Each structure stands twice: as structure tokens, then as C-alpha cells.
$ cat query_20.cif   # mmCIF, C-alpha atoms
data_data
#
loop_
_atom_site.group_PDB
_atom_site.id
_atom_site.type_symbol
_atom_site.label_atom_id
_atom_site.label_comp_id
_atom_site.auth_asym_id
_atom_site.auth_seq_id
_atom_site.Cartn_x
_atom_site.Cartn_y
_atom_site.Cartn_z
ATOM 1 C CA MET A 27 50.613 -11.197 -134.443
ATOM 2 C CA ILE A 28 49.770 -8.795 -137.290
ATOM 3 C CA THR A 29 52.587 -8.108 -139.743
ATOM 4 C CA TYR A 30 51.796 -4.991 -141.762
ATOM 5 C CA GLY A 31 55.121 -5.091 -143.591
ATOM 6 C CA ARG A 32 54.429 -8.401 -145.351
ATOM 7 C CA ARG A 33 52.813 -7.009 -148.494
ATOM 8 C CA LEU A 34 54.484 -3.617 -148.345
ATOM 9 C CA ARG A 35 57.029 -4.238 -151.102
ATOM 10 C CA GLY A 36 54.440 -5.378 -153.662
ATOM 11 C CA LEU A 37 52.084 -2.570 -152.660
ATOM 12 C CA SER A 38 54.855 0.026 -153.009
ATOM 13 C CA LEU A 39 55.754 -1.213 -156.496
ATOM 14 C CA VAL A 40 52.111 -1.176 -157.650
ATOM 15 C CA THR A 41 51.724 2.352 -156.235
ATOM 16 C CA ILE A 42 54.840 3.662 -157.988
ATOM 17 C CA ALA A 43 53.743 2.040 -161.281
ATOM 18 C CA THR A 44 50.194 3.454 -161.056
ATOM 19 C CA ILE A 45 51.327 6.984 -160.154
ATOM 20 C CA SER A 46 53.957 6.943 -162.923
ATOM 21 C CA LEU A 47 51.335 5.774 -165.431
ATOM 22 C CA ALA A 48 48.815 8.374 -164.230
ATOM 23 C CA TYR A 49 51.179 11.315 -164.599
ATOM 24 C CA ALA A 50 52.608 10.040 -167.872
ATOM 25 C CA LEU A 51 49.013 9.980 -169.162
ATOM 26 C CA ALA A 52 48.349 13.416 -167.682
ATOM 27 C CA PHE A 53 51.246 15.022 -169.549
ATOM 28 C CA PHE A 54 51.457 12.951 -172.746
ATOM 29 C CA TYR A 55 47.964 11.573 -173.403
ATOM 30 C CA ALA A 56 45.256 13.770 -171.880
ATOM 31 C CA PRO A 57 44.544 16.816 -174.053
ATOM 32 C CA GLU A 58 45.031 20.347 -172.769
ATOM 33 C CA ASP A 59 41.911 21.963 -171.409
ATOM 34 C CA ALA A 60 40.302 24.296 -173.951
ATOM 35 C CA ASP A 61 39.697 27.055 -171.374
ATOM 36 C CA GLN A 62 42.624 26.775 -168.990
ATOM 37 C CA GLY A 63 45.354 25.265 -171.138
ATOM 38 C CA PHE A 64 48.414 23.616 -169.554
ATOM 39 C CA ILE A 65 47.668 24.842 -166.005
ATOM 40 C CA GLN A 66 44.767 22.363 -165.844
ATOM 41 C CA LYS A 67 47.369 19.551 -165.423
ATOM 42 C CA ILE A 68 47.332 20.385 -161.691
ATOM 43 C CA PHE A 69 43.807 18.953 -161.689
ATOM 44 C CA TYR A 70 45.191 15.381 -161.896
ATOM 45 C CA LEU A 71 47.068 15.935 -158.649
ATOM 46 C CA HIS A 72 44.934 18.372 -156.672
ATOM 47 C CA VAL A 73 41.519 16.684 -157.018
ATOM 48 C CA PRO A 74 42.680 13.118 -156.174
ATOM 49 C CA LEU A 75 44.570 14.479 -153.145
ATOM 50 C CA ALA A 76 41.432 16.272 -151.923
ATOM 51 C CA ILE A 77 39.153 13.243 -152.507
ATOM 52 C CA VAL A 78 41.551 10.765 -150.855
ATOM 53 C CA SER A 79 42.073 13.144 -147.936
ATOM 54 C CA LEU A 80 38.320 13.445 -147.270
ATOM 55 C CA CYS A 81 37.861 9.672 -147.616
ATOM 56 C CA GLY A 82 40.820 9.209 -145.232
ATOM 57 C CA PHE A 83 39.082 11.299 -142.569
ATOM 58 C CA ILE A 84 35.934 9.168 -142.936
ATOM 59 C CA PHE A 85 38.082 6.000 -142.855
ATOM 60 C CA GLY A 86 39.627 7.225 -139.580
ATOM 61 C CA GLY A 87 36.129 7.655 -138.130
ATOM 62 C CA LEU A 88 35.101 4.152 -139.202
ATOM 63 C CA LEU A 89 38.224 2.650 -137.604
ATOM 64 C CA ALA A 90 37.477 4.595 -134.421
ATOM 65 C CA ILE A 91 34.101 2.798 -134.245
ATOM 66 C CA GLY A 92 36.154 -0.420 -134.049
ATOM 67 C CA TYR A 93 37.915 0.914 -130.946
ATOM 68 C CA LEU A 94 34.711 1.959 -129.185
ATOM 69 C CA ARG A 95 33.112 -1.429 -129.962
ATOM 70 C CA THR A 96 36.031 -3.623 -128.900
ATOM 71 C CA GLY A 97 38.268 -1.499 -126.657
ATOM 72 C CA ASP A 98 41.228 -2.919 -128.616
ATOM 73 C CA ARG A 99 44.010 -0.291 -128.834
ATOM 74 C CA ARG A 100 44.993 -1.474 -132.312
ATOM 75 C CA TRP A 101 41.835 0.132 -133.728
ATOM 76 C CA ASP A 102 42.828 3.432 -132.105
ATOM 77 C CA ILE A 103 46.283 3.223 -133.695
ATOM 78 C CA ARG A 104 44.745 2.468 -137.114
ATOM 79 C CA SER A 105 42.348 5.393 -136.756
ATOM 80 C CA TYR A 106 45.164 7.711 -135.615
ATOM 81 C CA VAL A 107 47.364 6.785 -138.590
ATOM 82 C CA ALA A 108 44.421 7.127 -141.039
ATOM 83 C CA ILE A 109 43.659 10.667 -139.799
ATOM 84 C CA HIS A 110 47.339 11.602 -139.660
ATOM 85 C CA MET A 111 47.819 10.506 -143.295
ATOM 86 C CA ALA A 112 44.588 12.198 -144.434
ATOM 87 C CA LEU A 113 45.770 15.443 -142.849
ATOM 88 C CA ILE A 114 49.044 15.292 -144.798
ATOM 89 C CA PHE A 115 47.104 14.660 -148.031
ATOM 90 C CA GLY A 116 44.704 17.478 -147.119
ATOM 91 C CA ILE A 117 47.583 19.935 -146.678
ATOM 92 C CA GLY A 118 48.906 18.755 -150.053
ATOM 93 C CA ALA A 119 45.482 19.425 -151.606
ATOM 94 C CA LEU A 120 45.349 22.916 -150.050
ATOM 95 C CA ILE A 121 48.823 23.872 -151.307
ATOM 96 C CA THR A 122 48.312 22.502 -154.844
ATOM 97 C CA GLY A 123 44.849 24.106 -154.938
ATOM 98 C CA SER A 124 46.317 27.447 -153.909
ATOM 99 C CA ILE A 125 48.921 27.252 -156.669
ATOM 100 C CA TRP A 126 46.195 26.442 -159.208
ATOM 101 C CA ALA A 127 43.981 29.270 -157.906
ATOM 102 C CA LYS A 128 46.827 31.784 -158.171
ATOM 103 C CA ALA A 129 47.539 30.767 -161.753
ATOM 104 C CA SER A 130 43.894 30.576 -162.834
ATOM 105 C CA TRP A 131 42.085 33.192 -160.766
ATOM 106 C CA GLY A 132 44.995 35.434 -159.808
ATOM 107 C CA HIS A 133 44.471 34.823 -156.061
ATOM 108 C CA TRP A 134 46.141 32.322 -153.712
ATOM 109 C CA TRP A 135 42.902 31.993 -151.784
ATOM 110 C CA VAL A 136 39.267 32.982 -152.349
ATOM 111 C CA TRP A 137 37.303 33.326 -149.109
ATOM 112 C CA ASN A 138 33.840 33.484 -150.705
ATOM 113 C CA GLU A 139 34.182 30.160 -152.516
ATOM 114 C CA PRO A 140 32.278 27.467 -150.523
ATOM 115 C CA THR A 141 34.323 24.477 -151.733
ATOM 116 C CA LEU A 142 37.659 25.968 -150.698
ATOM 117 C CA VAL A 143 36.470 27.290 -147.352
ATOM 118 C CA SER A 144 34.615 24.087 -146.440
ATOM 119 C CA PHE A 145 37.696 22.012 -147.236
ATOM 120 C CA LEU A 146 39.816 24.336 -145.099
ATOM 121 C CA ILE A 147 37.307 23.958 -142.233
ATOM 122 C CA VAL A 148 37.561 20.146 -142.467
ATOM 123 C CA VAL A 149 41.379 20.272 -142.465
ATOM 124 C CA LEU A 150 41.452 22.711 -139.526
ATOM 125 C CA LEU A 151 38.956 20.545 -137.638
ATOM 126 C CA PHE A 152 41.187 17.499 -138.018
ATOM 127 C CA ALA A 153 44.286 19.598 -137.276
ATOM 128 C CA THR A 154 42.939 19.832 -133.702
ATOM 129 C CA TYR A 155 42.912 16.017 -133.411
ATOM 130 C CA GLN A 156 46.583 15.655 -132.449
ATOM 131 C CA PRO A 157 46.705 18.547 -129.924
ATOM 132 C CA MET A 158 43.521 17.129 -128.395
ATOM 133 C CA ARG A 159 45.175 13.720 -128.002
ATOM 134 C CA PHE A 160 48.316 15.317 -126.580
ATOM 135 C CA SER A 161 46.277 17.178 -123.959
ATOM 136 C CA ILE A 162 44.988 13.901 -122.464
ATOM 137 C CA GLU A 163 47.601 12.039 -120.441
ATOM 138 C CA ASP A 164 45.777 8.818 -119.600
ATOM 139 C CA PRO A 165 46.134 6.489 -122.648
ATOM 140 C CA GLU A 166 42.690 4.901 -122.214
ATOM 141 C CA ARG A 167 40.911 8.235 -121.982
ATOM 142 C CA GLN A 168 43.010 9.582 -124.825
ATOM 143 C CA ALA A 169 41.965 6.695 -127.089
ATOM 144 C CA ARG A 170 38.282 6.956 -126.088
ATOM 145 C CA TYR A 171 37.966 10.726 -126.532
ATOM 146 C CA ALA A 172 39.965 10.632 -129.770
ATOM 147 C CA SER A 173 37.672 7.907 -131.132
ATOM 148 C CA VAL A 174 34.538 9.916 -130.322
ATOM 149 C CA PHE A 175 36.113 12.952 -131.983
ATOM 150 C CA ALA A 176 37.122 10.912 -135.063
ATOM 151 C CA ILE A 177 33.593 9.504 -135.475
ATOM 152 C CA VAL A 178 31.800 12.858 -135.071
ATOM 153 C CA ALA A 179 34.272 14.762 -137.251
ATOM 154 C CA GLY A 180 34.280 11.913 -139.789
ATOM 155 C CA ALA A 181 30.470 12.123 -140.027
ATOM 156 C CA PHE A 182 30.797 15.886 -140.555
ATOM 157 C CA VAL A 183 32.852 15.347 -143.735
ATOM 158 C CA PRO A 184 30.083 13.958 -146.011
ATOM 159 C CA LEU A 185 27.521 16.371 -144.489
ATOM 160 C CA ASN A 186 29.841 19.254 -145.282
ATOM 161 C CA PHE A 187 30.359 17.921 -148.810
ATOM 162 C CA ILE A 188 26.601 17.631 -149.435
ATOM 163 C CA ALA A 189 25.968 21.134 -148.037
ATOM 164 C CA VAL A 190 28.528 22.618 -150.402
ATOM 165 C CA ARG A 191 27.100 20.685 -153.350
ATOM 166 C CA LEU A 192 23.675 22.124 -152.582
ATOM 167 C CA ALA A 193 25.074 25.657 -152.563
ATOM 168 C CA ASN A 194 24.167 27.578 -155.665
ATOM 169 C CA GLN A 195 26.949 30.097 -155.685
ATOM 170 C CA TYR A 196 30.304 28.676 -156.533
ATOM 171 C CA VAL A 197 33.093 29.178 -158.972
ATOM 172 C CA HIS A 198 34.935 25.978 -158.205
ATOM 173 C CA PRO A 199 34.526 23.557 -161.138
ATOM 174 C CA ARG A 200 32.472 20.384 -160.576
ATOM 175 C CA VAL A 201 34.264 17.248 -161.756
ATOM 176 C CA LEU A 202 32.243 14.350 -160.427
ATOM 177 C CA THR A 203 28.475 14.488 -160.733
ATOM 178 C CA LEU A 204 25.709 11.885 -160.632
ATOM 179 C CA GLU A 205 25.432 12.268 -164.401
ATOM 180 C CA GLY A 206 29.069 11.206 -164.768
ATOM 181 C CA GLY A 207 30.722 14.601 -165.024
ATOM 182 C CA ASN A 208 31.676 16.539 -168.104
ATOM 183 C CA LEU A 209 35.198 15.306 -168.752
ATOM 184 C CA PRO A 210 36.149 13.941 -172.167
ATOM 185 C CA ALA A 211 36.971 10.213 -172.111
ATOM 186 C CA SER A 212 40.776 10.649 -172.276
ATOM 187 C CA MET A 213 40.746 13.153 -169.394
ATOM 188 C CA ALA A 214 38.362 10.991 -167.357
ATOM 189 C CA LEU A 215 40.551 7.887 -167.828
ATOM 190 C CA THR A 216 43.656 9.818 -166.749
ATOM 191 C CA PHE A 217 41.813 11.281 -163.773
ATOM 192 C CA TYR A 218 40.554 7.893 -162.548
ATOM 193 C CA ILE A 219 44.044 6.354 -162.849
ATOM 194 C CA ALA A 220 45.481 9.344 -160.932
ATOM 195 C CA LEU A 221 42.770 8.863 -158.287
ATOM 196 C CA LEU A 222 43.680 5.167 -158.053
ATOM 197 C CA GLY A 223 47.390 6.073 -157.788
ATOM 198 C CA ILE A 224 46.840 8.582 -154.978
ATOM 199 C CA THR A 225 44.530 6.122 -153.192
ATOM 200 C CA LEU A 226 47.244 3.449 -153.440
ATOM 201 C CA LEU A 227 49.786 5.973 -152.127
ATOM 202 C CA TYR A 228 47.541 6.620 -149.126
ATOM 203 C CA VAL A 229 47.115 2.872 -148.497
ATOM 204 C CA THR A 230 50.876 2.252 -148.900
ATOM 205 C CA LEU A 231 51.898 5.049 -146.526
ATOM 206 C CA TRP A 232 49.212 3.976 -144.037
ATOM 207 C CA THR A 233 50.530 0.412 -144.149
ATOM 208 C CA TYR A 234 54.132 1.672 -143.927
ATOM 209 C CA GLU A 235 53.386 3.719 -140.817
ATOM 210 C CA MET A 236 51.359 0.895 -139.257
ATOM 211 C CA ALA A 237 54.290 -1.483 -139.890
ATOM 212 C CA ALA A 238 56.712 0.974 -138.242
ATOM 213 C CA LYS A 239 54.436 1.502 -135.216
ATOM 214 C CA ASN A 240 53.797 -2.225 -134.926
ATOM 215 C CA ALA A 241 57.556 -2.978 -135.027
ATOM 216 C CA ARG A 242 58.260 -0.436 -132.273
ATOM 217 C CA MET A 243 55.512 -1.857 -130.105
ATOM 218 C CA GLN A 244 56.791 -5.394 -130.665
ATOM 219 C CA VAL A 245 60.312 -4.316 -129.627
ATOM 220 C CA ARG A 246 58.928 -2.687 -126.505
ATOM 221 C CA ALA A 247 56.781 -5.707 -125.638
ATOM 222 C CA THR A 248 59.734 -8.069 -126.184
ATOM 223 C CA ARG A 249 61.970 -5.914 -123.972
ATOM 224 C CA ARG A 250 59.337 -5.961 -121.223
ATOM 225 C CA LYS A 251 58.895 -9.730 -121.536
ATOM 226 C CA LEU A 252 62.588 -10.609 -121.544
ATOM 227 C CA LEU A 253 64.154 -7.987 -119.317
ATOM 228 C CA GLY A 254 61.281 -7.060 -117.029
ATOM 229 C CA GLU A 255 59.556 -3.787 -116.209
ATOM 230 C CA ASP A 256 62.782 -2.284 -114.786
ATOM 231 C CA ALA A 257 64.414 -2.306 -118.229
ATOM 232 C CA MET A 258 61.656 -0.119 -119.672
ATOM 233 C CA ALA A 259 62.278 3.555 -120.232
ATOM 234 C CA PRO A 260 59.189 5.546 -119.201
ATOM 235 C CA LEU A 261 56.956 6.504 -122.120
ATOM 236 C CA ARG A 262 57.036 10.176 -123.019
ATOM 237 C CA ARG A 263 53.748 11.982 -123.262
ATOM 238 C CA SER A 264 52.626 11.780 -126.866
ATOM 239 C CA ALA A 265 49.677 12.414 -129.142
ATOM 240 C CA ALA A 266 50.390 9.102 -130.848
ATOM 241 C CA PRO A 267 49.000 5.917 -129.340
ATOM 242 C CA SER A 268 51.698 3.674 -127.878
ATOM 243 C CA MET B 16 29.990 37.337 -154.963
ATOM 244 C CA SER B 17 32.706 38.484 -157.311
ATOM 245 C CA ALA B 18 32.868 36.490 -160.496
ATOM 246 C CA LEU B 19 36.094 34.557 -160.774
ATOM 247 C CA ILE B 20 36.771 33.259 -164.214
ATOM 248 C CA ALA B 21 39.460 30.719 -164.899
ATOM 249 C CA VAL B 22 41.568 31.974 -167.742
ATOM 250 C CA ALA B 23 44.184 30.302 -169.890
ATOM 251 C CA VAL B 24 47.654 31.125 -168.627
ATOM 252 C CA PRO B 25 50.562 31.521 -171.099
ATOM 253 C CA LEU B 26 52.493 28.257 -171.389
ATOM 254 C CA HIS B 27 55.771 29.564 -169.917
ATOM 255 C CA THR B 28 53.914 30.821 -166.814
ATOM 256 C CA ALA B 29 51.711 27.720 -166.553
ATOM 257 C CA VAL B 30 54.736 25.406 -166.612
ATOM 258 C CA LYS B 31 56.149 27.138 -163.506
ATOM 259 C CA TYR B 32 52.895 26.732 -161.558
ATOM 260 C CA VAL B 33 52.352 23.121 -162.662
ATOM 261 C CA ALA B 34 55.976 22.240 -161.839
ATOM 262 C CA GLY B 35 55.575 24.003 -158.470
ATOM 263 C CA ALA B 36 52.481 21.953 -157.599
ATOM 264 C CA TYR B 37 54.085 18.632 -158.543
ATOM 265 C CA VAL B 38 57.335 19.522 -156.730
ATOM 266 C CA VAL B 39 55.328 20.338 -153.560
ATOM 267 C CA PHE B 40 53.635 16.935 -153.797
ATOM 268 C CA LEU B 41 56.965 15.152 -154.320
ATOM 269 C CA ALA B 42 58.536 17.089 -151.442
ATOM 270 C CA ILE B 43 55.690 16.130 -149.068
ATOM 271 C CA VAL B 44 56.078 12.437 -149.962
ATOM 272 C CA LEU B 45 59.894 12.562 -149.669
ATOM 273 C CA ILE B 46 59.808 14.392 -146.313
ATOM 274 C CA TYR B 47 57.332 11.815 -145.020
ATOM 275 C CA VAL B 48 59.485 8.901 -146.228
ATOM 276 C CA ALA B 49 62.599 10.520 -144.670
ATOM 277 C CA ILE B 50 60.818 10.857 -141.307
ATOM 278 C CA MET B 51 59.710 7.230 -141.526
ATOM 279 C CA ALA B 52 63.258 6.119 -142.416
ATOM 280 C CA LYS B 53 64.566 7.960 -139.341
ATOM 281 C CA ARG B 54 61.998 6.175 -137.159
ATOM 282 C CA LEU B 55 62.981 2.866 -138.729
ATOM 283 C CA ARG B 56 66.644 3.491 -137.860
ATOM 284 C CA ARG B 57 65.594 4.190 -134.250
ATOM 285 C CA THR B 58 63.683 0.901 -134.130
ATOM 286 C CA GLU B 59 66.716 -0.935 -135.541
ATOM 287 C CA ARG B 60 68.908 0.714 -132.873
ATOM 288 C CA ASP B 61 66.437 -0.370 -130.181
ATOM 289 C CA LEU B 62 66.596 -3.936 -131.511
ATOM 290 C CA VAL B 63 70.426 -3.903 -131.388
ATOM 291 C CA ASP B 64 70.293 -2.561 -127.798
ATOM 292 C CA LEU B 65 67.764 -5.211 -126.834
ATOM 293 C CA ARG B 66 69.952 -7.957 -128.298
ATOM 294 C CA ARG B 67 73.038 -6.633 -126.463
ATOM 295 C CA GLU B 68 71.165 -6.400 -123.155
ATOM 296 C CA LEU B 69 69.880 -9.945 -123.610
ATOM 297 C CA ASP B 70 73.403 -11.248 -124.315
ATOM 298 C CA GLU B 71 74.696 -9.458 -121.198
ATOM 299 C CA GLN B 72 71.864 -10.912 -119.112
ATOM 300 C CA ARG B 73 72.593 -14.440 -120.409
ATOM 301 C CA ALA B 74 76.291 -14.004 -119.608
ATOM 302 C CA ASP B 75 75.389 -12.861 -116.066
ATOM 303 C CA ASP B 76 73.065 -15.872 -115.650
ATOM 304 C CA ARG B 77 75.865 -18.237 -116.725
ATOM 305 C CA GLU B 78 78.229 -16.592 -114.190
ATOM 306 C CA VAL B 79 75.641 -17.051 -111.436
ATOM 307 C CA GLY B 80 75.119 -20.695 -112.506
ATOM 308 C CA ARG B 81 78.855 -21.428 -112.405
ATOM 309 C CA ALA B 82 79.254 -19.777 -109.007
ATOM 310 C CA ALA B 83 76.372 -21.855 -107.631
#
$ encode --input "query_20.cif" --output "C-alpha cells"
Amino acid sequence: MITYGRRLRGLSLVTIATISLAYALAFFYAPEDADQGFIQKIFYLHVPLAIVSLCGFIFGGLLAIGYLRTGDRRWDIRSYVAIHMALIFGIGALITGSIWAKASWGHWWVWNEPTLVSFLIVVLLFATYQPMRFSIEDPERQARYASVFAIVAGAFVPLNFIAVRLANQYVHPRVLTLEGGNLPASMALTFYIALLGITLLYVTLWTYEMAAKNARMQVRATRRKLLGEDAMAPLRRSAAPS
Amino acid sequence: MSALIAVAVPLHTAVKYVAGAYVVFLAIVLIYVAIMAKRLRRTERDLVDLRRELDEQRADDREVGRAA
């Protein structure tokens, strides 16, 4: 039996400590940006959210490979939770990005900026994942189709990222480059700790949700085992694996 | 493509936007944790129900055993 909740307390404490440190550094240690001033502090939240969200979508695709290889429903649940969490982080990145854009550029959204639009396309693509699951009643088919979707859409994420990087016209600032980026050391340190904090938050919430789903499934399995099939309430149709 | 140039925003305006962004982030995390807490309460309720049903079943079994 897998117990996801075992290390949850320690993980939660490490996450809270890292995020607190990151944002303390962001406001009290990292210097203000020479061009943008104080508004640039959103950078330490918005960029890690976007990076973790994209990595979460890829992670969901990788977990879906596990389902197609083994047929074990636990891989489907892991993939579902990974994509679900990444979508929440992606929406967070879109909202914080919009606030930053409004303050910096004077617009909530800029349609001719490849980075913004490509990120929106990725989020909208994965926003169809849950309705797609919900539309398939048979749990086996649901898991199989969802896994294929997660793998194909997950592979689209890095391709999309590379295509945008190759685009010449953009106004969105580039933070991470192969040459190491152009951040001063204090800003880079703060950024990497913020990235670690948001990554830990993703891992903690993923583990939290897996623990909750696992507990519910264990209760259901125990009920079936002890009281028989008659004691089971019929499962409602759901996008979530059960 | 129109040239968009990031400009420095006055501090009093920037504070509102930065606070807004961080509050949105905090709200998303808190809403998520609240939803998870609600689900946890439902699981706890299911466990209590399961325990009660088991106790009732055991009591019924004992009755049947005594009658036999």
C-alpha cells in the first residue's frame, strides 16, 4: 500500500520555509530593477509559476506513459493530479502576468506577443483535458484516451517553448538563456530560491491531493471488502479517476 | 508589431499591482487548501460511517449466533 501522507508534514514545512525565504529575499535583499522599479518584484512569483506549470504538464505526460506501459490505474491518477495542479499554477501565472503587463505595458493582455499567446494556448489545451475525461464514461477508456492526450500535449509544451524562443519578434523579457541570463547575482539567487519554493509547493500540493485521493480509494475498497458490493453507493460520473 | 516598452511605475502605483499579484497567488493556494480540507472532512465522515456500519453488522452477526 502506498502512503502519500507519510512525508507530507516535513515537505509542507520545507515548502513554507523556502517560500518565506524566497519572498523575504525578493522584498528585502534583491535590488529594485533599474528600468521597471518595484513592479519587477512580480517577476519572482510570475516566472516560477509559469516554469513550474509547464514542467507540470510535461510531468503529467511522463506519468501517463507509465499508465500506457503498465495499465495500472495509479499512474493515471498521478498524471491527472499532475495536470490538474499544473493548470492551477498556469492560471496563477496568467493572472500575475496580466497584472504585471498592465502595470508595465499599460495593457492587461498583448495579443501579438508570442510568449504570452503560446502560454495561453498551452493552458487552453490542457483546460480541455478534464472535459475530455468527463465525456468518456467507461473508466478504462477514459484513462487510456486521457493518457494519450497527456503524452501528446505534454510533448507539445517543449516544442512550443522552442518555437517561441526561435521567434525574433518579442517584447517579453528573456530570463533564462544558455549563456546564464542577464540577472545580477542577488536577483538570480532570489529567483532560483523562488523557483525552488514554487516547485516544492507544486510537489507538496501534488502529494497532498494524491494522499487525499488514495485515502478515499482505501475507504471505498475497505467498505467493499467488509460490507460487500451491496453497501457501495454507485460512483458518479466524474472527470477524476476513481 | 507595436513596440511595447516596460516603464518604471511610480512606487505608490507599483505597490498596488505587486500586492494584487501576491494576494491572487495566496488566494489561489488558500482556496485550493480549503477545497482539499472539505474533501478530507468528507473522507473522515465516510470512515465514521464505515465504522458504524461495521459495528452494526458485528452486532447483527452476534444476534444471529446467539439465536442459532
$ closest_residue --input "query_20.cif" --among "B:Glu78, B:Phe40, B:Leu45, B:Asp70" --to "chain A" --atoms "all atoms listed in the file"
B:Phe40
$ resolve_selection --input "query_20.cif" --expression "the PyMOL selection byres ((chain A) within 7 of (chain B))" --output "compact mmCIF listing (two decimals) with C-alpha atoms, in the frame of the given file"
# COMPACT_ATOMS: atom_id res chain seq x y z
CA ASP A 61 39.70 27.06 -171.37
CA GLN A 62 42.62 26.78 -168.99
CA GLY A 63 45.35 25.26 -171.14
CA PHE A 64 48.41 23.62 -169.55
CA ILE A 65 47.67 24.84 -166.00
CA LYS A 67 47.37 19.55 -165.42
CA ILE A 68 47.33 20.39 -161.69
CA GLY A 118 48.91 18.76 -150.05
CA THR A 122 48.31 22.50 -154.84
CA ILE A 125 48.92 27.25 -156.67
CA ALA A 129 47.54 30.77 -161.75
CA SER A 130 43.89 30.58 -162.83
CA TRP A 131 42.08 33.19 -160.77
CA ASN A 138 33.84 33.48 -150.71
CA VAL A 197 33.09 29.18 -158.97
CA ALA A 238 56.71 0.97 -138.24
CA ARG A 242 58.26 -0.44 -132.27
CA VAL A 245 60.31 -4.32 -129.63
CA ARG A 249 61.97 -5.91 -123.97
$ closest_residue --input "query_20.cif" --among "A:Val229, A:Ala220, A:Leu150, A:Leu253" --to "Ala52 (chain A)" --atoms "only C-alpha atoms"
A:Ala220
$ closest_residue --input "query_20.cif" --among "A:Val178, A:Ile188, A:Ala237, A:Leu215" --to "Ser144 (chain A)" --atoms "all atoms listed in the file"
A:Ile188
$ atom_distance --input "query_20.cif" --atom1 "CA of Glu163 (chain A)" --atom2 "CA of Gly116 (chain A)"
27.4 Å
$ axis_aligned_box --input "query_20.cif" --around "region 37-44 of chain A" --padding-each-side "8 Å" --output "JSON"
{"center_x": 53.0, "center_y": 0.5, "center_z": -157.0, "size_x": 21.6, "size_y": 22.2, "size_z": 24.6}
$ closest_residue --input "query_20.cif" --among "A:Arg262, A:Pro57, A:Phe85, A:Leu34" --to "Asp164 (chain A)" --atoms "only C-alpha atoms"
A:Arg262
$ atom_distance --input "query_20.cif" --atom1 "CA of Ala169 (chain A)" --atom2 "CA of Thr96 (chain A)"
12.0 Å
$ residues_near_point --input "query_20.cif" --point "(45.2, 7.0, -124.3)" --cutoff "12 Å" --atoms "only C-alpha atoms" --output "ChimeraX atom specification"
/A:93,97-100,102-103,106,156,158-173,261,263-268
$ atom_distance --input "query_20.cif" --atom1 "CA of Phe115 (chain A)" --atom2 "CA of Ile224 (chain A)"
9.2 Å
$ resolve_selection --input "query_20.cif" --expression "the PyMOL selection byres ((chain A and resi 90) around 7)" --output "MDAnalysis selection string"
chainID A and resid 86:89 91:94 101:102 105 173 176:177
$ residues_around --input "query_20.cif" --residues "Met258 (chain A)" --least-positions-apart "6" --cutoff "10 Å" --atoms "all atoms listed in the file" --output "number ranges by chain"
A: 246-247, 249-250
